[in-house]
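A short worksheet on the structure shown next.
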Amino acid sequence: MDPLLQHIGESVDRLVTIDVLGYGVIGPLYGAARERQEPPLCLSAARALADRVGPGGCAMITTGWILPGHAPYGETDGPVGAAVLARALALGLQAKVLLVTEADLVGMVAATCRAAELQVVSPDLFRQDPGTHRPVAAVVPLASQPDRAAAETTASFRDYGPQALIAIEKSGPNGKGVYHMVGGQDVSEGVAKAGLLFAEARRLGVLTIGIGDRGNEIGFGRIHDVVQALLPYGARCRCPCGGGVADQTTVDVVIPAEVSNWGAYGIAACLAALQNDPDLLHTPEMERALIRTAVQHGGVDGMSGRARLAVDGIDIEVNAGLVALLGEIIRAQSARRPSAFSTPILRAGGDAREGAKEAPRGAGT
Ligand SMILES: [Zn+2]
């Protein structure tokens, strides 16, 4: 294990799990996820994707959340992260990326992906495209009716043969198959049955990753006991099912992040570090363009439900700042140009890090 990569991965995890909103939820969720999985988590997910998704292969990303009563408008959290991760997978692994979302959000997700430099094409063209010469994506809907969603799931796995399935801020079913808002209400009727995608992926041995920020999103099955204990309606919801809002979908890697988009950025950043290609992480300028595009095409801030340039109540400029910080972390300037100020951890590495014994260079006290 390269100590510099490990070091970068730890910093990325730390940054995307800062409790900016002060809910007191992300710390315990991350702590539990870290204890039960191989940390750092974003790096683990990036490694697994690099191992399992090959050139011309397909990665499937499901995202999109419509607040009750807000159709056809969907949250900015999810689709923006999906576009960022799709871009990283297309550019870094030459993967074709199929995005699966709510029927009302197909246009918004497609527009956001285009703002992330992806060429969004029809499902037919997508199937035929080799995927190795251009960053290509397609966006398809998934039904809320269980029977239709099951048929669509079977068809998608048959037609596209995904090598990985990633959920970003996607409503997840509890143990009774019921989908809930974090506030305890049953929203199953209007929600795409993305839990079916994960059941099929597990059956076929396809890599599964879930990113969420509260615990009612797909991926939290592995730590559902912690979610149940932590959230007010975690173990007991406000609907007759009585099963609580905690998602019980088991995935290979679950990544709790303060904002779900940030977890996706964390994976993109780690992929950039793994492949030593900073371009795989988007820029602060692109972050602004992505949020603006999402909002122009029907995205709303998940906190206020308004068409604000914000994600979960966090302003566009803060999100751009977070992306700038991630970029700095993967550049790891001190480590790559070692000096006496470089961290002790890097002495464990070889090659260029021998330079760490040299005299101090540049400013810094
Ligand atoms: Zn319920």
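Order determines the names: the first chain of the structure tokens is A, the second B, and so forth; residues in each chain are numbered 1 upward, and ligands are numbered 1 upward as they are shown.
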At most 12 Å is the cut-off: for each residue in chain A with any atom that close to an atom of ligand 1, write down the nearest atom pair and the distance in Å rounded to one decimal, counting only C-alpha atoms and all ligand atoms, chain first then increasing number, as a tab-separated table.
```
residue	atom	partner	partner_atom_place_in_ligand_line	distance
A:Gly172	CA	ligand 1	1 (Zn)	12.0
A:Pro173	CA	ligand 1	1 (Zn)	9.6
A:Asn174	CA	ligand 1	1 (Zn)	8.0
A:Gly175	CA	ligand 1	1 (Zn)	9.8
A:Lys176	CA	ligand 1	1 (Zn)	8.2
A:Gly177	CA	ligand 1	1 (Zn)	9.1
A:Val178	CA	ligand 1	1 (Zn)	6.1
A:Tyr179	CA	ligand 1	1 (Zn)	7.4
A:His180	CA	ligand 1	1 (Zn)	6.6
A:Met181	CA	ligand 1	1 (Zn)	9.4
A:Val182	CA	ligand 1	1 (Zn)	10.6
A:Gly183	CA	ligand 1	1 (Zn)	10.5
A:Gly184	CA	ligand 1	1 (Zn)	6.8
A:Gln185	CA	ligand 1	1 (Zn)	6.7
A:Asp186	CA	ligand 1	1 (Zn)	5.5
A:Val187	CA	ligand 1	1 (Zn)	9.0
A:Ser188	CA	ligand 1	1 (Zn)	9.3
A:Asn216	CA	ligand 1	1 (Zn)	11.4
A:Tyr233	CA	ligand 1	1 (Zn)	9.1
A:Gly234	CA	ligand 1	1 (Zn)	9.8
A:Ala235	CA	ligand 1	1 (Zn)	9.3
A:Arg236	CA	ligand 1	1 (Zn)	7.2
A:Cys237	CA	ligand 1	1 (Zn)	4.7
A:Arg238	CA	ligand 1	1 (Zn)	6.0
A:Cys239	CA	ligand 1	1 (Zn)	4.2
A:Pro240	CA	ligand 1	1 (Zn)	5.7
A:Cys241	CA	ligand 1	1 (Zn)	4.1
A:Gly242	CA	ligand 1	1 (Zn)	4.8
A:Gly243	CA	ligand 1	1 (Zn)	5.2
A:Gly244	CA	ligand 1	1 (Zn)	5.5
A:Val245	CA	ligand 1	1 (Zn)	6.6
A:Ala246	CA	ligand 1	1 (Zn)	9.7
A:Asp247	CA	ligand 1	1 (Zn)	11.1
```
Okay, now the selection with C-alpha atoms, as a compact mmCIF listing (two decimals), in the first residue's frame?
```txt
# COMPACT_ATOMS: atom_id res chain seq x y z
CA GLY A 172 -33.39 3.02 -0.23
CA PRO A 173 -35.85 0.39 1.03
CA ASN A 174 -36.00 -0.74 4.65
CA GLY A 175 -36.19 -4.43 5.60
CA LYS A 176 -39.85 -4.50 4.53
CA GLY A 177 -39.14 -2.99 1.13
CA VAL A 178 -40.68 0.40 2.06
CA TYR A 179 -38.98 3.67 1.00
CA HIS A 180 -39.06 6.59 3.47
CA MET A 181 -38.13 10.23 3.92
CA VAL A 182 -35.80 10.78 6.87
CA GLY A 183 -38.82 12.36 8.65
CA GLY A 184 -40.55 8.99 8.76
CA GLN A 185 -43.11 9.20 5.93
CA ASP A 186 -43.59 6.41 3.39
CA VAL A 187 -42.74 7.70 -0.11
CA SER A 188 -42.74 4.31 -1.85
CA ASN A 216 -32.22 6.28 4.49
CA TYR A 233 -37.35 7.58 12.86
CA GLY A 234 -34.50 5.17 12.19
CA ALA A 235 -36.04 2.14 13.86
CA ARG A 236 -39.71 3.16 13.84
CA CYS A 237 -41.18 5.22 11.00
CA ARG A 238 -44.45 7.15 10.87
CA CYS A 239 -46.12 4.80 8.41
CA PRO A 240 -47.94 1.54 9.11
CA CYS A 241 -44.99 -0.59 7.98
CA GLY A 242 -43.27 0.04 11.31
CA GLY A 243 -39.88 -0.90 9.86
CA GLY A 244 -38.09 2.44 10.31
CA VAL A 245 -36.42 4.68 7.73
CA ALA A 246 -32.98 3.02 7.79
CA ASP A 247 -32.04 1.62 4.40
```
Thr112 (chain A) surroundings by only C-alpha atoms, 7 Å radius, close-in-sequence under 4 positions cut, as a PDB file with N, CA and C atoms, in the first residue's frame:
```
ATOM      1  N   VAL A  80     -25.553  16.023  -9.424  1.00  0.00           N
ATOM      2  CA  VAL A  80     -24.275  16.701  -9.660  1.00  0.00           C
ATOM      3  C   VAL A  80     -23.113  15.759  -9.331  1.00  0.00           C
ATOM      4  N   ALA A  83     -22.801  13.162 -12.092  1.00  0.00           N
ATOM      5  CA  ALA A  83     -22.128  13.676 -13.296  1.00  0.00           C
ATOM      6  C   ALA A  83     -20.612  13.714 -13.086  1.00  0.00           C
ATOM      7  N   MET A 108     -32.886  16.603 -16.512  1.00  0.00           N
ATOM      8  CA  MET A 108     -31.963  17.309 -15.615  1.00  0.00           C
ATOM      9  C   MET A 108     -30.642  16.559 -15.489  1.00  0.00           C
ATOM     10  N   ALA A 116     -20.689  18.174 -17.550  1.00  0.00           N
ATOM     11  CA  ALA A 116     -19.491  17.497 -17.032  1.00  0.00           C
ATOM     12  C   ALA A 116     -18.667  16.900 -18.183  1.00  0.00           C
ATOM     13  N   LEU A 290     -21.949  22.980 -13.064  1.00  0.00           N
ATOM     14  CA  LEU A 290     -22.805  21.811 -12.842  1.00  0.00           C
ATOM     15  C   LEU A 290     -24.028  22.180 -12.004  1.00  0.00           C
ATOM     16  N   THR A 293     -26.322  24.396 -14.063  1.00  0.00           N
ATOM     17  CA  THR A 293     -27.023  23.616 -15.096  1.00  0.00           C
ATOM     18  C   THR A 293     -28.131  22.787 -14.468  1.00  0.00           C
ATOM     19  N   ALA A 294     -27.828  22.135 -13.356  1.00  0.00           N
ATOM     20  CA  ALA A 294     -28.839  21.312 -12.685  1.00  0.00           C
ATOM     21  C   ALA A 294     -30.055  22.172 -12.321  1.00  0.00           C
TER      22      ALA A 294
END
```
**Message:** Please identify the alpha helix (DSSP H) residues within region 120-339 of chain A (assignment by DSSP from backbone atoms) and present them as a ChimeraX atom specification.
**Reply:** /A:123-128,146-160,195-204,224-230,260-274,284-296,316-331,333-336
What would the file look like if the residues just selected were written as a PDB file, in the first residue's frame with C-alpha atoms?
```pdb
ATOM      1  CA  PRO A 123     -29.737   4.106 -25.187  1.00  0.00           C
ATOM      2  CA  ASP A 124     -29.449   2.503 -28.643  1.00  0.00           C
ATOM      3  CA  LEU A 125     -26.349   4.441 -29.590  1.00  0.00           C
ATOM      4  CA  PHE A 126     -24.955   3.829 -26.099  1.00  0.00           C
ATOM      5  CA  ARG A 127     -25.268   0.078 -26.478  1.00  0.00           C
ATOM      6  CA  GLN A 128     -23.383   0.130 -29.783  1.00  0.00           C
ATOM      7  CA  PRO A 146     -42.516  -2.515  -8.714  1.00  0.00           C
ATOM      8  CA  ASP A 147     -43.480  -4.790 -11.624  1.00  0.00           C
ATOM      9  CA  ARG A 148     -42.333  -2.357 -14.283  1.00  0.00           C
ATOM     10  CA  ALA A 149     -39.163  -1.549 -12.372  1.00  0.00           C
ATOM     11  CA  ALA A 150     -38.353  -5.259 -12.062  1.00  0.00           C
ATOM     12  CA  ALA A 151     -38.732  -5.743 -15.827  1.00  0.00           C
ATOM     13  CA  GLU A 152     -36.581  -2.645 -16.516  1.00  0.00           C
ATOM     14  CA  THR A 153     -33.939  -3.906 -14.104  1.00  0.00           C
ATOM     15  CA  THR A 154     -33.708  -7.294 -15.813  1.00  0.00           C
ATOM     16  CA  ALA A 155     -33.535  -5.622 -19.229  1.00  0.00           C
ATOM     17  CA  SER A 156     -30.845  -3.137 -18.146  1.00  0.00           C
ATOM     18  CA  PHE A 157     -28.530  -5.811 -16.770  1.00  0.00           C
ATOM     19  CA  ARG A 158     -29.085  -7.940 -19.864  1.00  0.00           C
ATOM     20  CA  ASP A 159     -28.610  -5.102 -22.370  1.00  0.00           C
ATOM     21  CA  TYR A 160     -25.777  -3.137 -20.763  1.00  0.00           C
ATOM     22  CA  GLY A 195     -33.426  -1.361  -4.508  1.00  0.00           C
ATOM     23  CA  LEU A 196     -34.228  -3.873  -7.269  1.00  0.00           C
ATOM     24  CA  LEU A 197     -31.102  -2.835  -9.196  1.00  0.00           C
ATOM     25  CA  PHE A 198     -29.001  -3.706  -6.161  1.00  0.00           C
ATOM     26  CA  ALA A 199     -30.672  -7.058  -5.613  1.00  0.00           C
ATOM     27  CA  GLU A 200     -29.910  -7.952  -9.228  1.00  0.00           C
ATOM     28  CA  ALA A 201     -26.323  -6.678  -8.987  1.00  0.00           C
ATOM     29  CA  ARG A 202     -25.720  -8.815  -5.898  1.00  0.00           C
ATOM     30  CA  ARG A 203     -27.203 -11.843  -7.600  1.00  0.00           C
ATOM     31  CA  LEU A 204     -24.800 -11.368 -10.520  1.00  0.00           C
ATOM     32  CA  HIS A 224     -28.398  -0.141   9.509  1.00  0.00           C
ATOM     33  CA  ASP A 225     -28.298  -0.862  13.241  1.00  0.00           C
ATOM     34  CA  VAL A 226     -26.345   2.381  13.736  1.00  0.00           C
ATOM     35  CA  VAL A 227     -28.764   4.331  11.503  1.00  0.00           C
ATOM     36  CA  GLN A 228     -31.714   2.878  13.415  1.00  0.00           C
ATOM     37  CA  ALA A 229     -30.247   3.981  16.734  1.00  0.00           C
ATOM     38  CA  LEU A 230     -29.178   7.408  15.460  1.00  0.00           C
ATOM     39  CA  SER A 260     -23.901  12.875  -0.931  1.00  0.00           C
ATOM     40  CA  ASN A 261     -22.353  14.755  -3.880  1.00  0.00           C
ATOM     41  CA  TRP A 262     -19.205  15.161  -1.803  1.00  0.00           C
ATOM     42  CA  GLY A 263     -18.824  11.398  -1.427  1.00  0.00           C
ATOM     43  CA  ALA A 264     -18.853  11.109  -5.224  1.00  0.00           C
ATOM     44  CA  TYR A 265     -16.242  13.874  -5.467  1.00  0.00           C
ATOM     45  CA  GLY A 266     -14.171  11.958  -2.916  1.00  0.00           C
ATOM     46  CA  ILE A 267     -14.167   8.855  -5.117  1.00  0.00           C
ATOM     47  CA  ALA A 268     -13.280  10.945  -8.195  1.00  0.00           C
ATOM     48  CA  ALA A 269     -10.442  12.576  -6.238  1.00  0.00           C
ATOM     49  CA  CYS A 270      -9.077   9.186  -5.147  1.00  0.00           C
ATOM     50  CA  LEU A 271      -9.299   7.870  -8.708  1.00  0.00           C
ATOM     51  CA  ALA A 272      -7.317  10.947  -9.797  1.00  0.00           C
ATOM     52  CA  ALA A 273      -4.703  10.178  -7.126  1.00  0.00           C
ATOM     53  CA  LEU A 274      -4.595   6.472  -8.024  1.00  0.00           C
ATOM     54  CA  PRO A 284     -14.263  24.610  -8.978  1.00  0.00           C
ATOM     55  CA  GLU A 285     -15.366  26.343 -12.207  1.00  0.00           C
ATOM     56  CA  MET A 286     -16.989  23.155 -13.431  1.00  0.00           C
ATOM     57  CA  GLU A 287     -18.648  22.670 -10.041  1.00  0.00           C
ATOM     58  CA  ARG A 288     -20.347  26.044 -10.447  1.00  0.00           C
ATOM     59  CA  ALA A 289     -21.397  25.161 -14.002  1.00  0.00           C
ATOM     60  CA  LEU A 290     -22.805  21.811 -12.842  1.00  0.00           C
ATOM     61  CA  ILE A 291     -24.942  23.299 -10.071  1.00  0.00           C
ATOM     62  CA  ARG A 292     -26.152  26.103 -12.358  1.00  0.00           C
ATOM     63  CA  THR A 293     -27.023  23.616 -15.096  1.00  0.00           C
ATOM     64  CA  ALA A 294     -28.839  21.312 -12.685  1.00  0.00           C
ATOM     65  CA  VAL A 295     -30.908  24.227 -11.351  1.00  0.00           C
ATOM     66  CA  GLN A 296     -31.663  25.554 -14.845  1.00  0.00           C
ATOM     67  CA  ILE A 316     -22.579  27.062  -4.600  1.00  0.00           C
ATOM     68  CA  GLU A 317     -19.388  28.896  -3.571  1.00  0.00           C
ATOM     69  CA  VAL A 318     -18.846  26.595  -0.591  1.00  0.00           C
ATOM     70  CA  ASN A 319     -19.217  23.586  -2.877  1.00  0.00           C
ATOM     71  CA  ALA A 320     -16.722  25.119  -5.309  1.00  0.00           C
ATOM     72  CA  GLY A 321     -14.377  25.720  -2.365  1.00  0.00           C
ATOM     73  CA  LEU A 322     -14.653  22.093  -1.320  1.00  0.00           C
ATOM     74  CA  VAL A 323     -13.667  21.002  -4.825  1.00  0.00           C
ATOM     75  CA  ALA A 324     -10.682  23.371  -4.702  1.00  0.00           C
ATOM     76  CA  LEU A 325      -9.591  21.807  -1.403  1.00  0.00           C
ATOM     77  CA  LEU A 326      -9.919  18.289  -2.808  1.00  0.00           C
ATOM     78  CA  GLY A 327      -7.762  19.355  -5.751  1.00  0.00           C
ATOM     79  CA  GLU A 328      -5.103  20.597  -3.353  1.00  0.00           C
ATOM     80  CA  ILE A 329      -5.211  17.330  -1.396  1.00  0.00           C
ATOM     81  CA  ILE A 330      -4.577  15.187  -4.473  1.00  0.00           C
ATOM     82  CA  ARG A 331      -1.783  17.472  -5.663  1.00  0.00           C
ATOM     83  CA  GLN A 333       2.501  19.417  -3.064  1.00  0.00           C
ATOM     84  CA  SER A 334       4.587  18.950   0.043  1.00  0.00           C
ATOM     85  CA  ALA A 335       4.714  15.194  -0.410  1.00  0.00           C
ATOM     86  CA  ARG A 336       5.517  15.259  -4.092  1.00  0.00           C
TER      87      ARG A 336
END
```
**Asked** Hey, which of A:Gly107, A:Gly22, A:Gly56, A:Pro135 ends up closest to Ala88 (chain A)? Count only C-alpha atoms.
**Response** A:Pro135
**Request:** For region 59-73 of chain A, list every protein, DNA or RNA residue within 8 Å, evaluated using only C-alpha atoms, and leave out those in the same chain fewer than 4 positions away; present the list as an NGL selection string.
**Result:** :A and (53 or 77-79 or 82 or 86 or 89 or 95-102 or 104-105 or 162-171 or 187 or 194 or 298-300 or 302 or 305)
Resulting file, chosen residues, N, CA and C atoms, as a CSV table (one decimal), in the first residue's frame:
```
chain,number,residue,atom,x,y,z
A,53,VAL,N,-13.9,-2.2,-13.3
A,53,VAL,CA,-14.5,-1.6,-14.5
A,53,VAL,C,-13.4,-1.4,-15.6
A,77,ASP,N,-28.6,17.6,-4.9
A,77,ASP,CA,-27.7,16.6,-4.3
A,77,ASP,C,-28.0,15.3,-5.0
A,78,GLY,N,-27.0,14.7,-5.5
A,78,GLY,CA,-27.1,13.4,-6.2
A,78,GLY,C,-26.7,13.5,-7.7
A,79,PRO,N,-27.6,14.2,-8.5
A,79,PRO,CA,-27.2,14.3,-9.9
A,79,PRO,C,-25.9,15.0,-10.2
A,82,ALA,N,-23.3,12.5,-9.4
A,82,ALA,CA,-23.3,11.5,-10.4
A,82,ALA,C,-22.6,11.9,-11.7
A,86,ALA,N,-19.4,10.1,-13.1
A,86,ALA,CA,-19.5,9.5,-14.4
A,86,ALA,C,-18.3,10.1,-15.3
A,89,LEU,N,-15.1,8.3,-14.3
A,89,LEU,CA,-15.1,6.9,-14.8
A,89,LEU,C,-14.9,6.8,-16.3
A,95,ALA,N,-14.7,4.0,-19.3
A,95,ALA,CA,-16.0,3.3,-19.1
A,95,ALA,C,-17.2,4.1,-19.7
A,96,LYS,N,-18.2,3.3,-20.2
A,96,LYS,CA,-19.4,3.9,-20.6
A,96,LYS,C,-20.3,4.0,-19.3
A,97,VAL,N,-21.0,5.1,-19.2
A,97,VAL,CA,-21.7,5.3,-17.9
A,97,VAL,C,-23.2,5.4,-18.2
A,98,LEU,N,-24.0,4.5,-17.6
A,98,LEU,CA,-25.4,4.5,-17.8
A,98,LEU,C,-26.0,5.1,-16.5
A,99,LEU,N,-26.8,6.2,-16.6
A,99,LEU,CA,-27.4,6.8,-15.4
A,99,LEU,C,-28.9,6.4,-15.4
A,100,VAL,N,-29.3,6.0,-14.2
A,100,VAL,CA,-30.7,5.5,-14.0
A,100,VAL,C,-31.3,6.4,-13.0
A,101,THR,N,-32.4,7.0,-13.4
A,101,THR,CA,-33.0,8.0,-12.5
A,101,THR,C,-34.6,8.0,-12.5
A,102,GLU,N,-35.2,8.9,-11.8
A,102,GLU,CA,-36.6,9.1,-11.8
A,102,GLU,C,-37.0,9.6,-13.2
A,104,ASP,N,-39.1,11.8,-14.1
A,104,ASP,CA,-39.1,13.2,-14.2
A,104,ASP,C,-37.8,13.9,-14.2
A,105,LEU,N,-36.7,13.2,-13.9
A,105,LEU,CA,-35.4,13.8,-13.8
A,105,LEU,C,-34.4,13.5,-14.9
A,162,PRO,N,-23.6,-4.1,-16.8
A,162,PRO,CA,-22.8,-3.2,-15.9
A,162,PRO,C,-21.8,-4.0,-15.1
A,163,GLN,N,-20.6,-3.4,-14.9
A,163,GLN,CA,-19.6,-4.1,-14.1
A,163,GLN,C,-19.6,-3.5,-12.7
A,164,ALA,N,-20.3,-2.4,-12.5
A,164,ALA,CA,-20.4,-1.7,-11.2
A,164,ALA,C,-21.7,-1.0,-11.1
A,165,LEU,N,-22.2,-0.9,-9.9
A,165,LEU,CA,-23.5,-0.2,-9.7
A,165,LEU,C,-23.3,0.8,-8.5
A,166,ILE,N,-23.5,2.0,-8.7
A,166,ILE,CA,-23.3,3.0,-7.7
A,166,ILE,C,-24.6,3.8,-7.4
A,167,ALA,N,-25.0,4.0,-6.2
A,167,ALA,CA,-26.1,4.8,-5.8
A,167,ALA,C,-25.6,6.1,-5.2
A,168,ILE,N,-26.1,7.2,-5.6
A,168,ILE,CA,-25.7,8.5,-5.0
A,168,ILE,C,-27.0,9.2,-4.6
A,169,GLU,N,-27.2,9.3,-3.3
A,169,GLU,CA,-28.4,10.0,-2.8
A,169,GLU,C,-29.7,9.4,-3.4
A,170,LYS,N,-29.8,8.1,-3.2
A,170,LYS,CA,-31.0,7.4,-3.8
A,170,LYS,C,-31.8,6.8,-2.7
A,171,SER,N,-33.1,7.1,-2.7
A,171,SER,CA,-33.9,6.5,-1.6
A,171,SER,C,-33.8,5.0,-1.6
A,187,VAL,N,-42.7,7.1,1.2
A,187,VAL,CA,-42.7,7.7,-0.1
A,187,VAL,C,-42.6,6.7,-1.2
A,194,ALA,N,-35.1,1.5,-7.0
A,194,ALA,CA,-33.7,1.3,-7.2
A,194,ALA,C,-33.1,0.1,-6.4
A,298,GLY,N,-34.3,22.1,-13.7
A,298,GLY,CA,-35.3,21.6,-12.7
A,298,GLY,C,-34.7,21.1,-11.4
A,299,GLY,N,-33.4,21.5,-11.1
A,299,GLY,CA,-32.9,21.1,-9.8
A,299,GLY,C,-33.3,22.1,-8.7
A,300,VAL,N,-33.5,21.6,-7.5
A,300,VAL,CA,-33.8,22.5,-6.4
A,300,VAL,C,-32.9,22.1,-5.2
A,302,GLY,N,-32.1,20.9,-1.8
A,302,GLY,CA,-32.9,20.0,-1.0
A,302,GLY,C,-33.3,20.5,0.4
A,305,GLY,N,-36.1,23.5,-1.0
A,305,GLY,CA,-37.0,23.2,-2.1
A,305,GLY,C,-37.0,24.3,-3.1
```
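In this comparison, which uses only C-alpha atoms, the residue of A:Ala90, A:Ala33, A:Ile223, A:Val20 approaching Asp279 (chain A) most closely is A:Ala90.
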**Request:** Return the single residue from A:Gln94, A:Arg52, A:His297, A:Asp312 that is closest to Ala115 (chain A), with distances computed using only C-alpha atoms.
**Result:** A:His297
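The space separating CA of Ile218 (chain A) from CA of Pro256 (chain A) comes to 10.6 Å.
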**Message:** Let's see if you can do this: from backbone DSSP, list all strand (DSSP E or B) residues in region 181-336 of chain A, as a PyMOL selection string.
**Reply:** chain A and resi 186+207-212+217+253-256+299-300+310-311+314-315
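Nearest to Asn276 (chain A) of all the residues A:Gly92, A:Gly210, A:Gly24, A:Gly205 is A:Gly92, based on only C-alpha atoms.
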**Complete:** Counting only C-alpha atoms, closest pick from A:Ala45, A:Val25, A:Met303, A:Val106 relative to Pro141 (chain A) is A:Val106
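Taking CA of Gly219 (chain A) and CA of Thr250 (chain A) as the two end points, the separation is 5.9 Å.
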